[in-house]
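Participant: For reference, the file entry_28.cif (mmCIF, C-alpha atoms) is included below:
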data_entry
loop_
_atom_site.label_atom_id
_atom_site.label_comp_id
_atom_site.auth_asym_id
_atom_site.auth_seq_id
_atom_site.Cartn_x
_atom_site.Cartn_y
_atom_site.Cartn_z
CA MET A 8 -44.04 78.97 -34.63
CA THR A 9 -41.41 81.57 -35.20
CA ALA A 10 -37.67 81.62 -35.02
CA THR A 11 -37.61 84.51 -32.60
CA LEU A 12 -37.82 84.23 -28.87
CA ALA A 13 -41.10 84.93 -27.18
CA PRO A 14 -41.14 88.23 -25.33
CA ASN A 15 -40.51 88.20 -21.66
CA SER A 16 -43.84 87.01 -20.35
CA ALA A 17 -43.85 88.71 -16.99
CA ASP A 18 -43.47 92.24 -18.24
CA ASP A 19 -47.20 92.35 -18.71
CA SER A 20 -48.73 89.97 -16.27
CA LEU A 21 -52.30 90.86 -17.14
CA ALA A 22 -52.17 89.76 -20.74
CA TYR A 23 -52.00 86.10 -21.56
CA ARG A 24 -48.72 85.29 -23.17
CA PRO A 25 -47.05 82.01 -23.80
CA VAL A 26 -44.28 81.07 -21.44
CA ALA A 27 -41.08 82.87 -22.40
CA LEU A 28 -38.77 80.41 -24.11
CA VAL A 29 -35.81 81.54 -22.05
CA ASP A 30 -37.68 80.78 -18.80
CA LEU A 31 -38.69 77.42 -20.18
CA LEU A 32 -35.14 76.52 -21.19
CA ASP A 33 -33.88 77.35 -17.71
CA ARG A 34 -36.11 74.59 -16.51
CA VAL A 35 -36.25 71.94 -19.19
CA LEU A 36 -32.53 72.02 -19.85
CA ALA A 37 -30.89 72.98 -16.62
CA THR A 38 -32.71 70.62 -14.32
CA GLY A 39 -31.04 67.61 -12.92
CA VAL A 40 -31.27 64.47 -14.94
CA VAL A 41 -33.21 62.02 -12.91
CA ILE A 42 -33.74 59.43 -15.57
CA SER A 43 -31.03 59.44 -18.16
CA GLY A 44 -32.04 58.23 -21.56
CA ASP A 45 -29.50 55.99 -23.19
CA ILE A 46 -29.39 58.15 -26.28
CA THR A 47 -29.13 61.40 -24.38
CA LEU A 48 -26.50 59.88 -22.18
CA SER A 49 -24.30 59.02 -25.08
CA ILE A 50 -24.64 62.53 -26.39
CA ALA A 51 -23.01 63.50 -23.26
CA ASP A 52 -22.52 64.78 -19.97
CA VAL A 53 -20.50 67.03 -22.25
CA ASP A 54 -23.42 69.12 -21.73
CA LEU A 55 -26.25 69.19 -23.94
CA VAL A 56 -27.19 72.33 -22.17
CA ARG A 57 -24.10 74.24 -23.01
CA ILE A 58 -23.96 73.02 -26.56
CA SER A 59 -27.45 74.09 -27.37
CA LEU A 60 -27.40 77.30 -25.40
CA ARG A 61 -24.23 78.38 -27.10
CA ALA A 62 -25.94 77.87 -30.41
CA LEU A 63 -28.97 79.65 -29.12
CA VAL A 64 -27.06 82.66 -27.98
CA ALA A 65 -25.28 82.75 -31.28
CA SER A 66 -28.46 82.63 -33.31
CA VAL A 67 -30.24 85.13 -31.12
CA GLY A 68 -27.18 87.34 -31.02
CA ALA A 69 -27.60 87.76 -34.73
CA LEU A 70 -31.06 89.17 -34.11
CA ALA A 71 -30.29 91.26 -31.05
CA SER A 72 -29.29 94.88 -31.26
CA PRO A 73 -25.55 95.31 -30.87
CA GLU A 74 -25.71 97.66 -27.87
CA ASN A 75 -26.92 94.84 -25.65
CA THR A 76 -23.84 93.52 -24.00
CA MET B 13 -63.31 36.33 -39.50
CA GLY B 14 -60.05 38.07 -39.35
CA SER B 15 -59.59 38.10 -43.06
CA THR B 16 -58.83 41.83 -43.00
CA ALA B 17 -56.28 41.58 -40.22
CA GLU B 18 -53.39 41.03 -42.52
CA VAL B 19 -52.78 44.56 -43.65
CA THR B 20 -49.32 45.14 -44.91
CA THR B 21 -47.79 48.56 -45.04
CA GLU B 22 -45.72 49.72 -47.95
CA ARG B 23 -42.86 51.20 -46.02
CA PRO B 24 -41.47 49.83 -42.81
CA ALA B 25 -42.04 52.27 -39.94
CA PRO B 26 -38.86 54.05 -38.89
CA VAL B 27 -37.30 52.67 -35.78
CA ALA B 28 -38.75 54.60 -32.90
CA GLY B 29 -37.20 55.39 -29.58
CA ALA B 30 -39.07 56.72 -26.56
CA TRP B 31 -38.90 60.38 -25.60
CA LEU B 32 -39.54 60.55 -21.88
CA HIS B 33 -41.77 63.37 -20.63
CA GLY B 34 -42.02 62.43 -17.01
CA VAL B 35 -42.94 59.88 -14.38
CA VAL B 36 -46.22 59.75 -12.51
CA ARG B 37 -47.75 57.40 -9.96
CA ASP B 38 -50.68 56.64 -12.18
CA ILE B 39 -52.91 58.18 -14.79
CA GLU B 40 -56.18 57.41 -16.54
CA PRO B 41 -55.67 55.91 -19.99
CA ALA B 42 -58.43 58.23 -21.24
CA THR B 43 -56.47 61.24 -20.03
CA LEU B 44 -53.31 60.01 -21.69
CA ALA B 45 -55.09 59.50 -24.98
CA MET B 46 -55.95 63.20 -25.03
CA ILE B 47 -52.41 64.44 -24.50
CA VAL B 48 -50.58 65.31 -27.69
CA GLY B 49 -46.94 64.26 -27.76
CA MET B 50 -43.86 65.31 -29.66
CA ASP B 51 -45.07 64.48 -33.14
CA GLY B 52 -48.73 65.24 -32.85
CA GLY B 53 -49.75 61.72 -31.87
CA PRO B 54 -50.93 60.79 -28.38
CA VAL B 55 -48.43 60.04 -25.66
CA ARG B 56 -48.43 56.60 -24.11
CA ALA B 57 -47.69 54.95 -20.82
CA VAL B 58 -44.78 52.67 -20.06
CA PRO B 59 -45.62 51.05 -16.74
CA ALA B 60 -42.78 49.68 -14.67
CA ALA B 61 -41.94 49.18 -11.02
CA GLY B 62 -45.35 50.41 -9.93
CA LEU B 63 -44.83 53.75 -11.67
CA ILE B 64 -45.77 55.07 -15.07
CA ALA B 65 -43.45 56.75 -17.52
CA VAL B 66 -45.21 58.95 -20.05
CA VAL B 67 -43.44 58.87 -23.39
CA SER B 68 -43.77 60.02 -26.97
CA ALA B 69 -42.71 58.01 -29.95
CA ALA B 70 -39.35 59.36 -31.05
CA PRO B 71 -38.36 58.18 -34.51
CA LEU B 72 -34.62 57.79 -34.40
CA ASP B 73 -34.12 59.58 -37.68
CA GLU B 74 -35.08 62.74 -35.82
CA TYR B 75 -34.32 61.84 -32.21
CA GLY B 76 -31.37 59.51 -32.50
CA GLU B 77 -27.99 60.58 -31.19
CA GLU B 78 -26.68 62.19 -34.37
CA SER B 79 -29.95 63.91 -35.22
CA LEU B 80 -30.52 65.10 -31.68
CA ARG B 81 -27.12 66.65 -31.49
CA ARG B 82 -27.80 68.58 -34.65
CA ASN B 83 -31.40 69.45 -33.86
CA LEU B 84 -30.63 70.81 -30.42
CA GLU B 85 -28.56 73.50 -32.05
CA ASP B 86 -31.41 74.52 -34.28
CA LEU B 87 -33.37 77.22 -32.52
CA VAL B 88 -36.62 76.50 -34.30
CA TRP B 89 -36.39 72.79 -33.54
CA LEU B 90 -35.35 73.46 -29.95
CA GLU B 91 -38.26 75.80 -29.32
CA ARG B 92 -40.78 73.43 -30.84
CA ALA B 93 -39.40 70.52 -28.83
CA ALA B 94 -39.25 72.50 -25.58
CA ARG B 95 -42.82 73.71 -25.96
CA ALA B 96 -44.17 70.30 -26.97
CA HIS B 97 -42.41 68.62 -24.04
CA HIS B 98 -43.55 71.32 -21.64
CA ALA B 99 -47.16 71.05 -22.83
CA VAL B 100 -47.17 67.36 -21.93
CA VAL B 101 -45.48 67.84 -18.58
CA GLU B 102 -47.79 70.71 -17.68
CA THR B 103 -50.86 68.63 -18.48
CA LEU B 104 -49.50 65.81 -16.34
CA ALA B 105 -48.78 68.24 -13.52
CA ARG B 106 -52.41 69.32 -13.50
CA GLN B 107 -53.44 65.71 -12.77
CA GLY B 108 -51.04 65.20 -9.89
CA PRO B 109 -47.37 65.08 -9.03
CA VAL B 110 -44.98 64.41 -11.88
CA VAL B 111 -41.22 64.04 -12.04
CA PRO B 112 -40.41 65.88 -15.26
CA ALA B 113 -37.63 64.59 -17.46
CA ARG B 114 -35.03 66.92 -18.81
CA LEU B 115 -35.48 67.93 -22.42
CA ALA B 116 -34.27 65.31 -24.89
CA THR B 117 -34.26 62.34 -22.56
CA VAL B 118 -34.57 59.67 -25.21
CA HIS B 119 -34.33 55.93 -24.80
CA SER B 120 -33.87 53.62 -27.72
CA GLY B 121 -36.89 51.63 -26.61
CA ASP B 122 -39.50 51.07 -23.93
CA ASP B 123 -37.32 48.47 -22.26
CA GLY B 124 -34.76 51.13 -21.48
CA VAL B 125 -37.42 53.37 -19.98
CA ALA B 126 -38.74 50.54 -17.85
CA ALA B 127 -35.25 49.64 -16.68
CA SER B 128 -34.60 53.25 -15.64
CA LEU B 129 -37.78 53.32 -13.63
CA ALA B 130 -36.93 50.09 -11.91
CA ALA B 131 -33.40 51.21 -11.16
CA ARG B 132 -34.47 54.52 -9.66
CA ARG B 133 -37.77 53.53 -8.17
CA ALA B 134 -37.02 54.54 -4.58
CA GLU B 135 -35.72 57.93 -5.59
CA LEU B 136 -38.64 58.57 -7.94
CA VAL B 137 -41.21 57.61 -5.32
CA ALA B 138 -39.52 59.87 -2.77
CA THR B 139 -39.51 62.73 -5.27
CA LEU B 140 -43.18 62.22 -6.14
CA ASP B 141 -44.01 62.27 -2.43
CA ARG B 142 -42.02 65.44 -1.94
CA LEU B 143 -43.74 67.20 -4.84
CA THR B 144 -47.29 66.29 -3.87
CA GLY B 145 -49.40 69.36 -3.10
CA ARG B 146 -46.62 71.70 -4.14
CA GLY B 147 -45.80 73.82 -7.14
CA GLU B 148 -42.75 75.55 -8.51
CA TRP B 149 -42.70 79.33 -8.79
CA GLY B 150 -40.08 81.43 -10.45
CA VAL B 151 -38.92 84.80 -9.17
CA LYS B 152 -36.70 86.90 -11.38
CA GLY B 153 -35.04 90.05 -10.15
CA TYR B 154 -33.69 92.76 -12.41
CA LEU B 155 -31.44 95.63 -11.47
CA VAL B 156 -33.22 98.98 -11.36
CA PRO B 157 -30.78 101.70 -12.34
CA GLY B 158 -31.06 104.90 -10.35
CA ALA B 159 -33.20 103.39 -7.61
CA THR B 160 -30.47 103.89 -5.06
CA ARG B 161 -28.79 107.16 -4.34
CA VAL B 162 -25.18 107.17 -5.44
CA ASN B 163 -22.69 109.97 -5.87
CA ALA B 164 -22.95 110.47 -9.57
CA GLU B 165 -22.84 114.22 -9.76
CA ALA B 166 -19.64 115.65 -11.12
CA THR B 167 -18.23 118.91 -9.87
CA SER B 168 -17.34 121.55 -12.38
CA ALA B 169 -13.82 122.28 -11.16
CA GLY B 170 -10.97 121.56 -13.59
CA GLY B 171 -10.89 121.49 -17.35
CA VAL B 172 -13.26 119.77 -19.69
CA GLY B 173 -11.12 116.65 -19.90
CA THR B 174 -10.76 116.34 -16.15
CA ALA B 175 -14.46 116.86 -15.67
CA TYR B 176 -15.17 114.18 -18.23
CA LEU B 177 -12.85 111.73 -16.56
CA ARG B 178 -14.28 112.49 -13.16
CA ARG B 179 -17.81 112.13 -14.45
CA ARG B 180 -16.93 108.90 -16.20
CA ARG B 181 -15.34 107.49 -13.06
CA ALA B 182 -18.37 108.50 -11.04
CA GLN B 183 -20.65 106.78 -13.53
CA LEU B 184 -18.63 103.61 -13.39
CA THR B 185 -18.62 103.69 -9.61
CA ALA B 186 -22.35 104.33 -9.63
CA ARG B 187 -22.91 101.36 -11.89
CA GLU B 188 -20.83 99.13 -9.67
CA GLU B 189 -22.70 100.36 -6.63
CA HIS B 190 -26.05 99.72 -8.24
CA GLN B 191 -24.88 96.26 -9.17
CA GLN B 192 -23.67 95.60 -5.67
CA VAL B 193 -26.79 96.94 -3.98
CA ALA B 194 -28.96 94.88 -6.34
CA SER B 195 -26.89 91.78 -5.74
CA VAL B 196 -27.17 92.11 -1.97
CA ALA B 197 -30.91 92.69 -2.35
CA ALA B 198 -31.19 89.57 -4.52
CA ASP B 199 -29.51 87.49 -1.82
CA ALA B 200 -31.88 88.91 0.78
CA VAL B 201 -34.95 88.29 -1.37
CA HIS B 202 -33.86 84.72 -2.08
CA ALA B 203 -33.20 83.99 1.59
CA ALA B 204 -36.55 85.43 2.62
CA LEU B 205 -38.47 83.46 -0.01
CA CYS B 206 -36.70 80.27 1.07
CA GLU B 207 -38.16 80.77 4.54
CA VAL B 208 -41.69 80.36 3.17
CA ALA B 209 -40.88 77.88 0.41
CA VAL B 210 -40.19 74.19 0.97
CA ALA B 211 -37.03 74.56 -1.08
CA GLY B 212 -35.37 77.16 -3.24
CA ARG B 213 -32.55 77.28 -5.69
CA ARG B 214 -31.02 79.80 -8.03
CA HIS B 215 -30.63 79.27 -11.75
CA ALA B 216 -27.91 81.16 -13.58
CA PRO B 217 -29.03 84.69 -14.45
CA GLN B 218 -30.44 84.80 -17.95
CA ASP B 219 -28.41 86.19 -20.79
CA ARG B 220 -29.92 89.49 -21.84
CA ARG B 221 -29.56 88.53 -25.46
CA LEU B 222 -32.03 85.76 -24.73
CA SER B 223 -34.36 87.50 -22.31
CA GLY B 224 -34.39 90.86 -24.03
CA ALA B 225 -34.43 92.46 -20.57
CA PRO B 226 -33.28 96.07 -20.51
CA THR B 227 -31.22 95.66 -17.34
CA PRO B 228 -29.13 92.83 -15.90
CA MET B 229 -30.78 89.99 -14.02
CA VAL B 230 -29.55 89.58 -10.47
CA LEU B 231 -31.89 86.83 -9.31
CA ASN B 232 -33.25 83.82 -11.19
CA GLY B 233 -34.81 81.87 -8.37
CA ALA B 234 -37.05 78.81 -8.32
CA TYR B 235 -39.13 77.96 -5.28
CA LEU B 236 -41.08 74.88 -4.36
CA VAL B 237 -44.14 76.15 -2.54
CA ASP B 238 -46.92 74.33 -0.69
CA VAL B 239 -50.29 75.08 -2.21
CA SER B 240 -51.42 76.14 1.27
CA ALA B 241 -48.53 78.61 1.59
CA LEU B 242 -48.96 80.22 -1.80
CA SER B 243 -50.71 83.39 -0.65
CA ARG B 244 -48.07 83.86 2.05
CA PHE B 245 -45.42 83.47 -0.62
CA THR B 246 -46.96 86.04 -2.97
CA ASP B 247 -47.67 88.46 -0.11
CA LEU B 248 -44.06 88.19 0.96
CA LEU B 249 -42.91 88.80 -2.58
CA GLY B 250 -44.94 92.00 -2.68
CA GLN B 251 -43.39 93.17 0.59
CA LEU B 252 -39.90 92.36 -0.63
CA GLY B 253 -40.50 94.35 -3.78
CA GLY B 254 -41.40 97.36 -1.67
CA ARG B 255 -38.41 96.89 0.59
CA HIS B 256 -35.77 96.46 -2.10
CA LEU B 257 -36.29 99.21 -4.64
CA GLY B 258 -32.98 98.45 -6.33
CA VAL B 259 -34.46 95.26 -7.75
CA ARG B 260 -37.55 94.75 -9.87
CA LEU B 261 -39.13 91.39 -9.08
CA GLU B 262 -41.19 89.26 -11.40
CA LEU B 263 -43.16 86.14 -10.56
CA THR B 264 -43.66 83.28 -13.03
CA GLY B 265 -45.56 80.07 -12.53
CA PRO B 266 -46.89 77.78 -11.48
CA TRP B 267 -44.39 75.51 -13.17
CA PRO B 268 -44.16 71.76 -13.02
CA ALA B 269 -41.41 71.13 -10.50
CA TYR B 270 -38.61 71.04 -13.07
CA SER B 271 -36.12 72.64 -10.73
CA PHE B 272 -36.71 70.26 -7.86
CA VAL B 273 -36.10 66.82 -9.24
CA ALA B 274 -32.32 66.90 -9.26
CA ASP B 275 -30.82 63.75 -7.85
CA ARG B 276 -29.34 65.36 -4.82
CA PRO B 277 -30.55 63.79 -1.61
CA ASP B 278 -29.99 67.03 0.29
CA LEU B 279 -32.24 69.05 -1.96
CA ASP B 280 -34.86 69.56 0.70
CA GLY B 281 -34.18 72.88 2.28
CA ALA B 282 -31.20 73.44 0.06
CA VAL B 283 -30.71 77.16 -0.09
CA GLY B 284 -28.72 79.48 -2.22
CA GLU B 285 -27.22 77.21 -4.77
CA SER B 286 -25.21 79.87 -6.49
CA ARG B 287 -24.98 80.31 -10.18
#
Written as structure tokens, how would this file's structure read?

Facilitator:
Amino acid sequence: MTATLAPNSADDSLAYRPVALVDLLDRVLATGVVISGDITLSIADVDLVRISLRALVASVGALASPENT
Amino acid sequence: MGSTAEVTTERPAPVAGAWLHGVVRDIEPATLAMIVGMDGGPVRAVPAAGLIAVVSAAPLDEYGEESLRRNLEDLVWLERAARAHHAVVETLARQGPVVPARLATVHSGDDGVAASLAARRAELVATLDRLTGRGEWGVKGYLVPGATRVNAEATSAGGVGTAYLRRRRAQLTAREEHQQVASVAADAVHAALCEVAVAGRRHAPQDRRLSGAPTPMVLNGAYLVDVSALSRFTDLLGQLGGRHLGVRLELTGPWPAYSFVADRPDLDGAVGESR
């Protein structure tokens, strides 16, 4: 387990690579909530997704090269 | 007999909630026992309303409201949680249809999980039916700079400054044109794929700081595809790649149907949900 994001998996489709975290987050975070947990619910419709992704972008931004805009 | 039954533990176990992975119609207990959950222990079944919720124990000191809020902003925690959750859902998806839960769907107890199942039984059953024999595939499209001919050449008339400005303007125009051509191509690719898929939707393009992609993403599509139509889908994708040189297409999957469980009754055939 590392703190960095997995490389984009599909750039080399022949090699086995773990699913890219960014692809995974698209799905596990951005999907519709079918069954709301009571705890999650109280955290908010104030978007879990946005809260955590903002943090994610911030922490990755620290690692990314500055020319990427 | 039974004299050893009274084992007392030193510490009381922390209060545990239930982290929901997904809902299935049914599953072998032996299969469940082999699936590793959030904290390394096996997942378990919470049966209710003729369905089965698959959950992990979620000690509230880590998964309670306050802790969750904090942990979700911790990249290391988030990645571990996302991968652990996904591993369970993916294993379930290999056994049959599953309605995956969004990350961090935590109930304070099994009763809450059971109540949710009961309350949404009809919708869950309909979703399970809709997902049977189908898989989710992702198609990402990236802009390919220079793939389309644009007027980027600068003439040499005028002074150095003028030439620079003209060249700069031409470059900007070229970039906009590339962007526009790629965006139109992305729409066309999405529409074509939706013809073969049961349903399609577009996620927001990924931030390049997260994806590490060298060029902007113009398509982040998800498609629910019948197993029987899969080769048609991939063939079509190949053709589309050849037809739209301004976009580089990438296929990911199969995924559990994360993108097709949203509680919108009109999801079937829903096309082009824009970012």

Participant: Could you check which residues have any atom within 9 Å of (-49.7, 58.3, -29.4), counting only C-alpha atoms with coordinates taken straight from the file, and then list them as a short mmCIF file (atom, residue, chain, number, x, y, z; two decimals) with C-alpha atoms, in the coordinates of the input?

Facilitator:
data_model
loop_
_atom_site.label_atom_id
_atom_site.label_comp_id
_atom_site.auth_asym_id
_atom_site.auth_seq_id
_atom_site.Cartn_x
_atom_site.Cartn_y
_atom_site.Cartn_z
CA LEU B 44 -53.31 60.01 -21.69
CA ALA B 45 -55.09 59.50 -24.98
CA ILE B 47 -52.41 64.44 -24.50
CA VAL B 48 -50.58 65.31 -27.69
CA GLY B 49 -46.94 64.26 -27.76
CA ASP B 51 -45.07 64.48 -33.14
CA GLY B 52 -48.73 65.24 -32.85
CA GLY B 53 -49.75 61.72 -31.87
CA PRO B 54 -50.93 60.79 -28.38
CA VAL B 55 -48.43 60.04 -25.66
CA ARG B 56 -48.43 56.60 -24.11
CA VAL B 67 -43.44 58.87 -23.39
CA SER B 68 -43.77 60.02 -26.97
CA ALA B 69 -42.71 58.01 -29.95
#

Participant: Near chain A, which residues of chain B fall within 6 Å when you count all atoms listed in the file, and what do they look like as a PyMOL selection string?

Facilitator: chain B and resi 77+84-85+88+114-115+117-119+270-271+274-275

Participant: Could you state which residues are captured by the PyMOL selection byres ((chain B and resi 212) around 6) in this file, as a PyMOL selection string?

Facilitator: chain B and resi 206+211+213+234-235+283

Participant: Tell me, as number ranges by chain, which residues lie within 10 Å of region 58-60 of chain B, counting all atoms listed in the file; anything in the same chain fewer than 6 positions away does not count.

Facilitator: B: 30, 32, 35-38, 66-67, 122-123, 125-130, 133

Participant: Work out how far CA of Ala57 (chain B) is from CA of His33 (chain B), in Å to one decimal.

Facilitator: 10.3 Å

Participant: One decimal, Å: what's the distance from CA of Tyr154 (chain B) over to CA of Asp199 (chain B), could you say?

Facilitator: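 One can read the CA of Tyr154 (chain B) to CA of Asp199 (chain B) distance as 12.5 Å.
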
Participant: Starting from the incomplete input, reconstruct N, CA and C atoms of region 199-222 of chain B and write that as an mmCIF file, in the frame of the given file.

Facilitator:
data_model
loop_
_atom_site.group_PDB
_atom_site.id
_atom_site.type_symbol
_atom_site.label_atom_id
_atom_site.label_comp_id
_atom_site.auth_asym_id
_atom_site.auth_seq_id
_atom_site.Cartn_x
_atom_site.Cartn_y
_atom_site.Cartn_z
ATOM 1 N N ASP B 199 -29.792 88.503 -2.847
ATOM 2 C CA ASP B 199 -29.510 87.490 -1.820
ATOM 3 C C ASP B 199 -30.553 87.528 -0.717
ATOM 4 N N ALA B 200 -30.910 88.756 -0.306
ATOM 5 C CA ALA B 200 -31.880 88.910 0.780
ATOM 6 C C ALA B 200 -33.261 88.405 0.363
ATOM 7 N N VAL B 201 -33.655 88.731 -0.866
ATOM 8 C CA VAL B 201 -34.950 88.290 -1.370
ATOM 9 C C VAL B 201 -34.989 86.756 -1.429
ATOM 10 N N HIS B 202 -33.915 86.178 -1.956
ATOM 11 C CA HIS B 202 -33.860 84.720 -2.080
ATOM 12 C C HIS B 202 -33.957 84.048 -0.704
ATOM 13 N N ALA B 203 -33.190 84.575 0.242
ATOM 14 C CA ALA B 203 -33.200 83.990 1.590
ATOM 15 C C ALA B 203 -34.580 84.099 2.220
ATOM 16 N N ALA B 204 -35.228 85.241 2.034
ATOM 17 C CA ALA B 204 -36.550 85.430 2.620
ATOM 18 C C ALA B 204 -37.570 84.482 1.989
ATOM 19 N N LEU B 205 -37.514 84.336 0.677
ATOM 20 C CA LEU B 205 -38.470 83.460 -0.010
ATOM 21 C C LEU B 205 -38.266 82.001 0.398
ATOM 22 N N CYS B 206 -36.996 81.641 0.642
ATOM 23 C CA CYS B 206 -36.700 80.270 1.070
ATOM 24 C C CYS B 206 -37.302 79.946 2.437
ATOM 25 N N GLU B 207 -37.543 80.991 3.226
ATOM 26 C CA GLU B 207 -38.160 80.770 4.540
ATOM 27 C C GLU B 207 -39.591 80.264 4.402
ATOM 28 N N VAL B 208 -40.283 80.745 3.361
ATOM 29 C CA VAL B 208 -41.690 80.360 3.170
ATOM 30 C C VAL B 208 -41.799 79.143 2.254
ATOM 31 N N ALA B 209 -40.848 79.008 1.336
ATOM 32 C CA ALA B 209 -40.880 77.880 0.410
ATOM 33 C C ALA B 209 -40.367 76.611 1.081
ATOM 34 N N VAL B 210 -40.720 75.474 0.498
ATOM 35 C CA VAL B 210 -40.190 74.190 0.970
ATOM 36 C C VAL B 210 -38.715 74.082 0.577
ATOM 37 N N ALA B 211 -38.413 74.588 -0.595
ATOM 38 C CA ALA B 211 -37.030 74.560 -1.080
ATOM 39 C C ALA B 211 -36.866 75.685 -2.097
ATOM 40 N N GLY B 212 -35.649 76.118 -2.255
ATOM 41 C CA GLY B 212 -35.370 77.160 -3.240
ATOM 42 C C GLY B 212 -34.013 76.942 -3.839
ATOM 43 N N ARG B 213 -33.874 77.346 -5.071
ATOM 44 C CA ARG B 213 -32.550 77.280 -5.690
ATOM 45 C C ARG B 213 -32.439 78.400 -6.717
ATOM 46 N N ARG B 214 -31.235 78.723 -7.076
ATOM 47 C CA ARG B 214 -31.020 79.800 -8.030
ATOM 48 C C ARG B 214 -30.471 79.253 -9.339
ATOM 49 N N HIS B 215 -31.174 79.567 -10.428
ATOM 50 C CA HIS B 215 -30.630 79.270 -11.750
ATOM 51 C C HIS B 215 -29.657 80.392 -12.108
ATOM 52 N N ALA B 216 -28.816 80.122 -13.093
ATOM 53 C CA ALA B 216 -27.910 81.160 -13.580
ATOM 54 C C ALA B 216 -28.743 82.318 -14.123
ATOM 55 N N PRO B 217 -28.289 83.545 -13.882
ATOM 56 C CA PRO B 217 -29.030 84.690 -14.450
ATOM 57 C C PRO B 217 -29.118 84.539 -15.964
ATOM 58 N N GLN B 218 -30.242 84.961 -16.513
ATOM 59 C CA GLN B 218 -30.440 84.800 -17.950
ATOM 60 C C GLN B 218 -29.622 85.811 -18.746
ATOM 61 N N ASP B 219 -29.124 85.338 -19.854
ATOM 62 C CA ASP B 219 -28.410 86.190 -20.790
ATOM 63 C C ASP B 219 -29.386 87.207 -21.368
ATOM 64 N N ARG B 220 -28.992 88.468 -21.360
ATOM 65 C CA ARG B 220 -29.920 89.490 -21.840
ATOM 66 C C ARG B 220 -30.194 89.380 -23.328
ATOM 67 N N ARG B 221 -29.294 88.731 -24.043
ATOM 68 C CA ARG B 221 -29.560 88.530 -25.460
ATOM 69 C C ARG B 221 -30.702 87.551 -25.656
ATOM 70 N N LEU B 222 -30.907 86.689 -24.650
ATOM 71 C CA LEU B 222 -32.030 85.760 -24.730
ATOM 72 C C LEU B 222 -33.298 86.348 -24.146
#
